[in-house]
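Contents: one structure, followed by commentary.
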Amino acid sequence: MHKDIESIIDNWIEKINKDEFYLAHSFNKIIEKKRSAEAFEYIPHMIDAILETNDDFIASQLIFYLNCLYGKADTAEIHHAFISKKEEMEWHINNLDGVDSKREYLEFKRDLKIK
């Protein structure tokens with residue numbers, strides 16, 4: 001997992017208790033600093049983080065910000081990392097305990113026009 005993402009989600013409950021918008025502020029800082037090409041190249045890090053978390057809420061947040069990276073990348077191109085890990089990611093999301101990540105993943109696929 002990329003160190004920036006790991007730093008954000010480490011002790012996230014404690015951080016959210018101090019600032020309810022902690023995750024939004026933290027991920028927005030990462031995304032805002034990136035140019036289009038850099039956002040596209042950061043996509044594999046977000047995918048790996050999704051695969052490494054066992055928390056449905058955190059997975060849903062990571063999927064949301066994965067979608068934001070695609071928006072910042074401003075491309076219709078599907079990253080090769082997503083293509084190669086799509087089945088693994090879907091299996092992982094479907095096996096998390098909860099519905100947030102499943103719902104967010106459906107929205108992500110709709111936005112990117114992925115079947």
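Simple scheme: letters A, B, ... for chains in structure tokens order, numbers from 1 for residues in each chain, numbers from 1 for ligands in the order shown.
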
Checklist line | Backbone DSSP call of helix (DSSP H, G or I) for chain A, listed as a PyMOL selection string | finding: chain A and resi 3-9+12-18+22-33+36-52+56-73+80-94+100-112

With a distance cut-off of 8 Å and only C-alpha atoms, select the neighbouring residues of stretch 97-108 of chain A, excluding the residue or stretch itself and same-chain residues fewer than 4 positions from it, and output the selection as a PDB file with N, CA, C and O atoms, in the first residue's frame.
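What follows is the written file result.pdb:
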ATOM      1  N   ASP A  55     -12.106  -3.616   5.762  1.00  0.00           N
ATOM      2  CA  ASP A  55     -13.149  -2.781   6.338  1.00  0.00           C
ATOM      3  C   ASP A  55     -14.027  -2.247   5.210  1.00  0.00           C
ATOM      4  O   ASP A  55     -13.540  -1.556   4.308  1.00  0.00           O
ATOM      5  N   ASP A  56     -15.312  -2.555   5.256  1.00  0.00           N
ATOM      6  CA  ASP A  56     -16.234  -2.156   4.199  1.00  0.00           C
ATOM      7  C   ASP A  56     -16.303  -0.639   4.043  1.00  0.00           C
ATOM      8  O   ASP A  56     -16.305  -0.129   2.923  1.00  0.00           O
ATOM      9  N   PHE A  57     -16.354   0.094   5.144  1.00  0.00           N
ATOM     10  CA  PHE A  57     -16.436   1.551   5.066  1.00  0.00           C
ATOM     11  C   PHE A  57     -15.198   2.125   4.395  1.00  0.00           C
ATOM     12  O   PHE A  57     -15.302   2.973   3.493  1.00  0.00           O
ATOM     13  N   ALA A  59     -13.104   0.594   2.434  1.00  0.00           N
ATOM     14  CA  ALA A  59     -13.115   0.182   1.024  1.00  0.00           C
ATOM     15  C   ALA A  59     -14.024   1.104   0.217  1.00  0.00           C
ATOM     16  O   ALA A  59     -13.666   1.526  -0.885  1.00  0.00           O
ATOM     17  N   SER A  60     -15.180   1.445   0.775  1.00  0.00           N
ATOM     18  CA  SER A  60     -16.104   2.329   0.046  1.00  0.00           C
ATOM     19  C   SER A  60     -15.476   3.707  -0.176  1.00  0.00           C
ATOM     20  O   SER A  60     -15.628   4.302  -1.242  1.00  0.00           O
ATOM     21  N   GLN A  61     -14.766   4.203   0.819  1.00  0.00           N
ATOM     22  CA  GLN A  61     -14.099   5.496   0.677  1.00  0.00           C
ATOM     23  C   GLN A  61     -12.993   5.434  -0.366  1.00  0.00           C
ATOM     24  O   GLN A  61     -12.832   6.340  -1.190  1.00  0.00           O
ATOM     25  N   ILE A  63     -12.827   3.401  -2.900  1.00  0.00           N
ATOM     26  CA  ILE A  63     -13.457   3.293  -4.218  1.00  0.00           C
ATOM     27  C   ILE A  63     -13.943   4.670  -4.668  1.00  0.00           C
ATOM     28  O   ILE A  63     -13.778   5.046  -5.832  1.00  0.00           O
ATOM     29  N   PHE A  64     -14.538   5.416  -3.753  1.00  0.00           N
ATOM     30  CA  PHE A  64     -14.988   6.768  -4.082  1.00  0.00           C
ATOM     31  C   PHE A  64     -13.812   7.616  -4.575  1.00  0.00           C
ATOM     32  O   PHE A  64     -13.908   8.305  -5.596  1.00  0.00           O
ATOM     33  N   ASN A  67     -12.558   6.729  -7.958  1.00  0.00           N
ATOM     34  CA  ASN A  67     -13.398   7.391  -8.955  1.00  0.00           C
ATOM     35  C   ASN A  67     -12.968   8.853  -9.132  1.00  0.00           C
ATOM     36  O   ASN A  67     -12.917   9.369 -10.256  1.00  0.00           O
ATOM     37  N   ILE A  93     -14.548  -7.201  -2.796  1.00  0.00           N
ATOM     38  CA  ILE A  93     -15.641  -6.313  -2.385  1.00  0.00           C
ATOM     39  C   ILE A  93     -16.882  -7.115  -2.023  1.00  0.00           C
ATOM     40  O   ILE A  93     -17.541  -6.838  -1.021  1.00  0.00           O
ATOM     41  N   LEU A 112     -17.712   4.964 -15.024  1.00  0.00           N
ATOM     42  CA  LEU A 112     -16.687   4.659 -16.009  1.00  0.00           C
ATOM     43  C   LEU A 112     -17.229   3.807 -17.167  1.00  0.00           C
ATOM     44  O   LEU A 112     -16.473   3.440 -18.058  1.00  0.00           O
TER      45      LEU A 112
END

Next item on the list: Do a neighbour search on A:Met1 at 10 Å with only C-alpha atoms, toss out local chain neighbours closer than 6 positions, and write the hits as a count of residues only.
Entry: 11

Margin query: So the first atom is atom CA of A:Ile43 and the second is atom CA of A:Asn17; what is the distance between them in Å, to one decimal place?
Written below: 27.8 Å

Notebook entry, point to check: Using only C-alpha atoms, which residues sit within 9 Å of stretch 73-75 of chain A once same-chain residues fewer than 2 positions away are excluded, as number ranges by chain?
Noted result: A: 34-41, 68-71, 77-78

Check: In Å, with one decimal, what is the gap from atom CA of A:Glu20 to atom CA of A:Ile58?
Finding: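 One can read the atom CA of A:Glu20 to atom CA of A:Ile58 distance as 13.9 Å.
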
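Put simply, atom CA of A:Asp10 is 14.9 Å away from atom CA of A:His25.
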
Item checked: Given only C-alpha atoms as the counted atoms, nearest of A:Tyr42, A:Lys115, A:Ile30, A:Tyr65 to A:Ile83 ->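 Between A:Tyr42, A:Lys115, A:Ile30, A:Tyr65, the residue approaching A:Ile83 most closely is A:Lys115.
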